[in-house]
>>> print(open('coords-v6.txt').read())   # compact mmCIF, C-alpha atoms
# COMPACT_ATOMS: atom_id res chain seq x y z
CA MET E 15 -68.43 -17.70 -16.04
CA SER E 16 -65.47 -18.54 -18.23
CA ARG E 17 -63.26 -21.54 -17.63
CA ARG E 18 -59.57 -20.86 -17.45
CA PRO E 19 -57.42 -22.71 -19.92
CA PHE E 20 -55.67 -25.87 -18.75
CA MET E 21 -52.20 -24.29 -18.90
CA SER E 22 -53.31 -21.43 -16.65
CA LYS E 23 -54.37 -23.95 -14.01
CA VAL E 24 -51.09 -25.82 -14.41
CA HIS E 25 -49.22 -22.53 -13.94
CA ASP E 26 -51.06 -21.85 -10.68
CA ILE E 27 -50.34 -25.32 -9.31
CA THR E 28 -46.67 -25.34 -10.31
CA ALA E 29 -46.19 -21.81 -8.95
CA LEU E 30 -47.67 -22.94 -5.62
CA ALA E 31 -45.37 -25.98 -5.55
CA ALA E 32 -42.33 -23.83 -6.36
CA ARG E 33 -43.28 -21.24 -3.72
CA ALA E 34 -43.65 -24.03 -1.15
CA ALA E 35 -40.28 -25.59 -2.02
CA VAL E 36 -38.29 -22.34 -2.15
CA GLY E 37 -40.02 -20.98 0.95
CA ALA E 38 -39.36 -24.19 2.90
CA VAL E 39 -35.64 -24.05 2.06
CA LEU E 40 -35.47 -20.39 3.10
CA ILE E 41 -37.25 -21.15 6.37
CA ALA E 42 -34.85 -24.05 7.01
CA HIS E 43 -31.94 -21.65 6.40
CA GLY E 44 -33.37 -19.05 8.75
CA LEU E 45 -34.29 -21.28 11.69
CA PRO E 46 -30.68 -21.81 12.85
CA LYS E 47 -30.19 -18.04 12.77
CA ALA E 48 -33.33 -17.62 14.89
CA THR E 49 -32.43 -20.33 17.41
CA ASP E 50 -28.77 -19.31 17.81
CA PRO E 51 -28.52 -15.56 17.16
CA GLY E 52 -25.27 -15.29 19.12
CA GLY E 53 -23.56 -17.98 17.08
CA THR E 54 -24.91 -16.47 13.88
CA ALA E 55 -23.67 -13.02 14.90
CA ALA E 56 -20.19 -14.45 15.62
CA GLY E 57 -20.14 -16.10 12.19
CA PHE E 58 -21.33 -12.89 10.54
CA GLU E 59 -18.65 -10.89 12.36
CA ALA E 60 -15.97 -13.28 11.07
CA MET E 61 -17.26 -12.72 7.52
CA GLY E 62 -17.11 -8.94 7.94
CA VAL E 63 -20.87 -8.35 8.02
CA PRO E 64 -21.52 -4.89 9.51
CA VAL E 65 -23.44 -4.79 12.80
CA PRO E 66 -23.46 -8.60 13.04
CA GLU E 67 -25.94 -8.86 15.94
CA ALA E 68 -28.57 -6.84 14.08
CA ALA E 69 -27.75 -8.60 10.81
CA ALA E 70 -28.29 -12.00 12.45
CA LEU E 71 -31.71 -10.93 13.72
CA VAL E 72 -32.70 -9.34 10.41
CA GLY E 73 -31.48 -12.41 8.52
CA ALA E 74 -33.56 -14.73 10.70
CA VAL E 75 -36.68 -12.57 10.36
CA ILE E 76 -36.30 -12.27 6.60
CA GLU E 77 -35.56 -15.93 5.90
CA VAL E 78 -38.21 -17.33 8.26
CA GLY E 79 -40.87 -14.62 7.97
CA PHE E 80 -40.60 -13.82 4.29
CA GLY E 81 -39.97 -17.50 3.51
CA ALA E 82 -43.36 -18.24 5.11
CA ALA E 83 -44.92 -15.31 3.23
CA LEU E 84 -43.61 -16.81 -0.02
CA VAL E 85 -45.20 -20.17 0.79
CA VAL E 86 -48.64 -18.70 1.44
CA GLY E 87 -48.34 -16.09 -1.30
CA LEU E 88 -48.54 -12.95 0.82
CA LEU E 89 -47.30 -9.62 -0.58
CA LEU E 90 -45.50 -11.54 -3.29
CA PRO E 91 -43.70 -8.73 -5.14
CA VAL E 92 -42.36 -7.27 -1.89
CA THR E 93 -41.51 -10.73 -0.56
CA GLY E 94 -39.63 -11.64 -3.73
CA VAL E 95 -37.57 -8.45 -3.71
CA VAL E 96 -36.73 -8.72 0.01
CA LEU E 97 -35.68 -12.37 -0.30
CA ALA E 98 -33.60 -11.65 -3.41
CA ALA E 99 -31.86 -8.80 -1.56
CA MET E 100 -31.17 -11.10 1.39
CA MET E 101 -29.66 -13.73 -0.88
CA GLY E 102 -27.67 -11.00 -2.64
CA SER E 103 -26.24 -10.06 0.76
CA ALA E 104 -25.38 -13.71 1.38
CA LEU E 105 -23.54 -13.78 -1.95
CA ALA E 106 -21.67 -10.57 -1.15
CA PHE E 107 -20.58 -11.53 2.36
CA ALA E 108 -20.63 -15.30 2.76
CA HIS E 109 -19.91 -16.57 -0.73
CA VAL E 110 -17.66 -13.99 -2.35
CA GLY E 111 -14.87 -15.83 -4.13
CA ASP E 112 -16.60 -19.22 -3.81
CA PRO E 113 -16.95 -21.48 -6.83
CA LEU E 114 -20.35 -21.96 -8.44
CA VAL E 115 -20.74 -25.61 -7.42
CA GLY E 116 -20.48 -26.07 -3.67
CA GLY E 117 -20.34 -22.32 -3.22
CA TYR E 118 -22.76 -19.70 -4.33
CA GLU E 119 -25.26 -21.72 -6.38
CA LEU E 120 -27.82 -22.13 -3.56
CA PRO E 121 -28.20 -18.46 -2.57
CA MET E 122 -28.13 -17.47 -6.23
CA VAL E 123 -30.90 -19.89 -7.18
CA LEU E 124 -32.95 -19.16 -4.05
CA GLY E 125 -32.74 -15.41 -4.55
CA LEU E 126 -33.62 -15.47 -8.24
CA ALA E 127 -36.37 -18.05 -7.75
CA ALA E 128 -37.91 -15.98 -4.94
CA LEU E 129 -37.74 -12.88 -7.13
CA ALA E 130 -39.37 -14.66 -10.09
CA LEU E 131 -42.08 -16.18 -7.89
CA GLY E 132 -42.72 -12.78 -6.37
CA PHE E 133 -43.85 -11.56 -9.76
CA SER E 134 -45.43 -14.76 -11.09
CA GLY E 135 -46.58 -16.63 -8.00
CA GLY E 136 -49.89 -17.81 -9.42
CA ARG E 137 -53.47 -17.36 -8.31
CA LEU E 138 -53.26 -19.89 -5.47
CA ALA E 139 -51.88 -17.21 -3.18
CA LEU E 140 -53.25 -15.02 -0.41
CA ASP E 141 -52.53 -12.02 -2.62
CA SER E 142 -55.32 -13.14 -4.96
CA LEU E 143 -57.82 -12.75 -2.09
CA LEU E 144 -56.70 -9.24 -1.13
CA PRO E 145 -57.42 -5.95 -2.90
CA LEU E 146 -53.75 -5.22 -3.56
CA PRO E 147 -52.64 -3.04 -6.48
CA TRP E 148 -50.92 -6.01 -8.18
CA SER E 149 -53.59 -8.63 -7.47
CA GLU E 150 -56.01 -9.91 -10.05
CA ARG E 151 -58.90 -9.06 -7.74
CA SER E 152 -57.90 -5.40 -7.84
CA SER E 153 -57.53 -5.36 -11.63
CA ARG E 154 -60.93 -7.08 -12.09
CA LYS E 155 -62.65 -4.32 -10.09
CA GLN E 156 -61.16 -1.70 -12.38
CA GLU E 157 -62.35 -3.44 -15.55
CA THR E 158 -65.88 -2.82 -16.72
CA PRO E 159 -67.41 -5.31 -19.15
CA ALA E 160 -68.14 -3.90 -22.62
CA ALA E 161 -71.92 -4.47 -22.31
CA GLU E 162 -71.94 -2.63 -19.00
CA ARG E 163 -70.01 0.32 -20.49
CA GLU E 164 -72.50 0.58 -23.35
CA THR E 165 -75.44 0.65 -20.92
CA VAL E 166 -73.79 3.35 -18.84
CA THR E 167 -73.00 5.59 -21.83
CA ALA E 168 -76.35 5.14 -23.58
>>> encode(input="coords-v6.txt", output="structure tokens")
Amino acid sequence: MSRRPFMSKVHDITALAARAAVGAVLIAHGLPKATDPGGTAAGFEAMGVPVPEAAALVGAVIEVGFGAALVVGLLLPVTGVVLAAMMGSALAFAHVGDPLVGGYELPMVLGLAALALGFSGGRLALDSLLPLPWSERSSRKQETPAAERETVTA
């Protein structure tokens, strides 16, 4: 059994910490939408968001549900893309014309961080335990050690 290099372990730990931080902020953003969907829908309507009632519900589900999925590392590529799209929508509707500082920096950073973590979330994630096409477990099953290949072909 080979030992992973130190930097690989550091990557896994820092990716977990980053997923936890970004996911917690997304959950905190989504909880008010979940607890006051009517108020959120009214705010969305004022911003010109189409179908504001549905958008409020979808926003709450995405920010809370996919924020939690980011924390635990579940379906990371899908989670990253969905969260980035949600933050892109926030930029388009809620922060259009805002300045960088005090305006659109938070959704921009959250969306891009979620996207990056979706594709480099580390091995300390539920995805690493599941036989998903992008998981290391799945790629290990497809690899055959050289000695084993030689035995099979001989």
>>> closest_residue(input="coords-v6.txt", among="E:Glu59, E:Glu77, E:Asp26, E:Glu67", to="E:Leu40", atoms="all atoms listed in the file")
E:Glu77
>>> atom_distance(input="coords-v6.txt", atom1="atom CA of E:Gly116", atom2="atom CA of E:Val86")
29.6 Å
>>> residues_around(input="coords-v6.txt", residues="E:Ala48", least_positions_apart="3", cutoff="12 Å", atoms="only C-alpha atoms", output="PyMOL selection string")
chain E and resi 41-45+51-55+67-79
>>> atom_distance(input="coords-v6.txt", atom1="atom CA of E:Gly94", atom2="atom CA of E:Gly37")
10.5 Å
>>> closest_residue(input="coords-v6.txt", among="E:Gly81, E:Pro66, E:Pro145, E:Gly111", to="E:Ala128", atoms="only C-alpha atoms")
E:Gly81
>>> closest_residue(input="coords-v6.txt", among="E:Ile27, E:Leu105, E:Leu129, E:Ala32", to="E:Val92", atoms="only C-alpha atoms")
E:Leu129
>>> atom_distance(input="coords-v6.txt", atom1="atom CA of E:Ser22", atom2="atom CA of E:Ser142")
14.5 Å
>>> residues_near_point(input="coords-v6.txt", point="(-48.9, -5.5, -1.5)", cutoff="12 Å", atoms="all atoms listed in the file", output="ChimeraX atom specification")
/E:83,87-95,132-133,140-150,152
>>> closest_residue(input="coords-v6.txt", among="E:Tyr118, E:Ala98, E:Ala106, E:His25", to="E:Gly136", atoms="all atoms listed in the file")
E:His25
>>> closest_residue(input="coords-v6.txt", among="E:Met122, E:Pro46, E:Leu84, E:Met101", to="E:Ala29", atoms="all atoms listed in the file")
E:Leu84
>>> closest_residue(input="coords-v6.txt", among="E:Ala99, E:Ala35, E:Ala82, E:Val110", to="E:Gly62", atoms="all atoms listed in the file")
E:Val110
>>> build_atoms(input="coords-v6.txt", residues="stretch 70-81 of chain E", atoms="all heavy atoms", output="PDB file, in the coordinates of the input")
ATOM      1  N   ALA E  70     -27.831 -10.641  12.138  1.00  0.00           N
ATOM      2  CA  ALA E  70     -28.290 -12.000  12.450  1.00  0.00           C
ATOM      3  C   ALA E  70     -29.789 -12.006  12.703  1.00  0.00           C
ATOM      4  O   ALA E  70     -30.516 -12.884  12.199  1.00  0.00           O
ATOM      5  CB  ALA E  70     -27.540 -12.547  13.670  1.00  0.00           C
ATOM      6  N   LEU E  71     -30.275 -11.024  13.446  1.00  0.00           N
ATOM      7  CA  LEU E  71     -31.710 -10.930  13.720  1.00  0.00           C
ATOM      8  C   LEU E  71     -32.502 -10.639  12.446  1.00  0.00           C
ATOM      9  O   LEU E  71     -33.508 -11.286  12.164  1.00  0.00           O
ATOM     10  CB  LEU E  71     -31.976  -9.846  14.774  1.00  0.00           C
ATOM     11  CG  LEU E  71     -33.434  -9.600  15.138  1.00  0.00           C
ATOM     12  CD1 LEU E  71     -34.065 -10.859  15.726  1.00  0.00           C
ATOM     13  CD2 LEU E  71     -33.550  -8.444  16.106  1.00  0.00           C
ATOM     14  N   VAL E  72     -32.022  -9.687  11.671  1.00  0.00           N
ATOM     15  CA  VAL E  72     -32.700  -9.340  10.410  1.00  0.00           C
ATOM     16  C   VAL E  72     -32.695 -10.534   9.468  1.00  0.00           C
ATOM     17  O   VAL E  72     -33.712 -10.840   8.827  1.00  0.00           O
ATOM     18  CB  VAL E  72     -32.051  -8.095   9.762  1.00  0.00           C
ATOM     19  CG1 VAL E  72     -32.534  -7.892   8.339  1.00  0.00           C
ATOM     20  CG2 VAL E  72     -32.316  -6.856  10.605  1.00  0.00           C
ATOM     21  N   GLY E  73     -31.570 -11.225   9.389  1.00  0.00           N
ATOM     22  CA  GLY E  73     -31.480 -12.410   8.520  1.00  0.00           C
ATOM     23  C   GLY E  73     -32.481 -13.480   8.920  1.00  0.00           C
ATOM     24  O   GLY E  73     -33.151 -14.076   8.060  1.00  0.00           O
ATOM     25  N   ALA E  74     -32.604 -13.724  10.220  1.00  0.00           N
ATOM     26  CA  ALA E  74     -33.560 -14.730  10.700  1.00  0.00           C
ATOM     27  C   ALA E  74     -34.990 -14.318  10.379  1.00  0.00           C
ATOM     28  O   ALA E  74     -35.781 -15.132   9.887  1.00  0.00           O
ATOM     29  CB  ALA E  74     -33.391 -14.935  12.209  1.00  0.00           C
ATOM     30  N   VAL E  75     -35.317 -13.055  10.630  1.00  0.00           N
ATOM     31  CA  VAL E  75     -36.680 -12.570  10.360  1.00  0.00           C
ATOM     32  C   VAL E  75     -36.992 -12.657   8.874  1.00  0.00           C
ATOM     33  O   VAL E  75     -38.074 -13.116   8.482  1.00  0.00           O
ATOM     34  CB  VAL E  75     -36.865 -11.131  10.896  1.00  0.00           C
ATOM     35  CG1 VAL E  75     -38.146 -10.510  10.372  1.00  0.00           C
ATOM     36  CG2 VAL E  75     -36.845 -11.125  12.420  1.00  0.00           C
ATOM     37  N   ILE E  76     -36.054 -12.243   8.041  1.00  0.00           N
ATOM     38  CA  ILE E  76     -36.300 -12.270   6.600  1.00  0.00           C
ATOM     39  C   ILE E  76     -36.452 -13.699   6.100  1.00  0.00           C
ATOM     40  O   ILE E  76     -37.414 -14.020   5.395  1.00  0.00           O
ATOM     41  CB  ILE E  76     -35.194 -11.528   5.827  1.00  0.00           C
ATOM     42  CG1 ILE E  76     -35.310 -10.027   6.074  1.00  0.00           C
ATOM     43  CG2 ILE E  76     -35.267 -11.841   4.336  1.00  0.00           C
ATOM     44  CD1 ILE E  76     -34.184  -9.204   5.469  1.00  0.00           C
ATOM     45  N   GLU E  77     -35.518 -14.564   6.444  1.00  0.00           N
ATOM     46  CA  GLU E  77     -35.560 -15.930   5.900  1.00  0.00           C
ATOM     47  C   GLU E  77     -36.761 -16.715   6.425  1.00  0.00           C
ATOM     48  O   GLU E  77     -37.416 -17.413   5.652  1.00  0.00           O
ATOM     49  CB  GLU E  77     -34.255 -16.653   6.166  1.00  0.00           C
ATOM     50  CG  GLU E  77     -33.119 -16.096   5.325  1.00  0.00           C
ATOM     51  CD  GLU E  77     -31.797 -16.791   5.548  1.00  0.00           C
ATOM     52  OE1 GLU E  77     -31.729 -17.780   6.313  1.00  0.00           O
ATOM     53  OE2 GLU E  77     -30.807 -16.337   4.955  1.00  0.00           O
ATOM     54  N   VAL E  78     -37.070 -16.593   7.705  1.00  0.00           N
ATOM     55  CA  VAL E  78     -38.210 -17.330   8.260  1.00  0.00           C
ATOM     56  C   VAL E  78     -39.527 -16.632   7.900  1.00  0.00           C
ATOM     57  O   VAL E  78     -40.448 -17.248   7.355  1.00  0.00           O
ATOM     58  CB  VAL E  78     -38.083 -17.514   9.789  1.00  0.00           C
ATOM     59  CG1 VAL E  78     -39.332 -18.150  10.367  1.00  0.00           C
ATOM     60  CG2 VAL E  78     -36.857 -18.356  10.124  1.00  0.00           C
ATOM     61  N   GLY E  79     -39.617 -15.340   8.192  1.00  0.00           N
ATOM     62  CA  GLY E  79     -40.870 -14.620   7.970  1.00  0.00           C
ATOM     63  C   GLY E  79     -41.241 -14.474   6.506  1.00  0.00           C
ATOM     64  O   GLY E  79     -42.359 -14.796   6.101  1.00  0.00           O
ATOM     65  N   PHE E  80     -40.306 -13.997   5.708  1.00  0.00           N
ATOM     66  CA  PHE E  80     -40.600 -13.820   4.290  1.00  0.00           C
ATOM     67  C   PHE E  80     -40.611 -15.162   3.553  1.00  0.00           C
ATOM     68  O   PHE E  80     -41.295 -15.304   2.538  1.00  0.00           O
ATOM     69  CB  PHE E  80     -39.642 -12.826   3.645  1.00  0.00           C
ATOM     70  CG  PHE E  80     -39.963 -11.393   3.966  1.00  0.00           C
ATOM     71  CD1 PHE E  80     -39.455 -10.790   5.113  1.00  0.00           C
ATOM     72  CD2 PHE E  80     -40.782 -10.650   3.141  1.00  0.00           C
ATOM     73  CE1 PHE E  80     -39.753  -9.477   5.426  1.00  0.00           C
ATOM     74  CE2 PHE E  80     -41.092  -9.328   3.437  1.00  0.00           C
ATOM     75  CZ  PHE E  80     -40.580  -8.742   4.581  1.00  0.00           C
ATOM     76  N   GLY E  81     -39.874 -16.156   4.074  1.00  0.00           N
ATOM     77  CA  GLY E  81     -39.970 -17.500   3.510  1.00  0.00           C
ATOM     78  C   GLY E  81     -41.386 -18.042   3.680  1.00  0.00           C
ATOM     79  O   GLY E  81     -41.966 -18.621   2.752  1.00  0.00           O
TER      80      GLY E  81
END
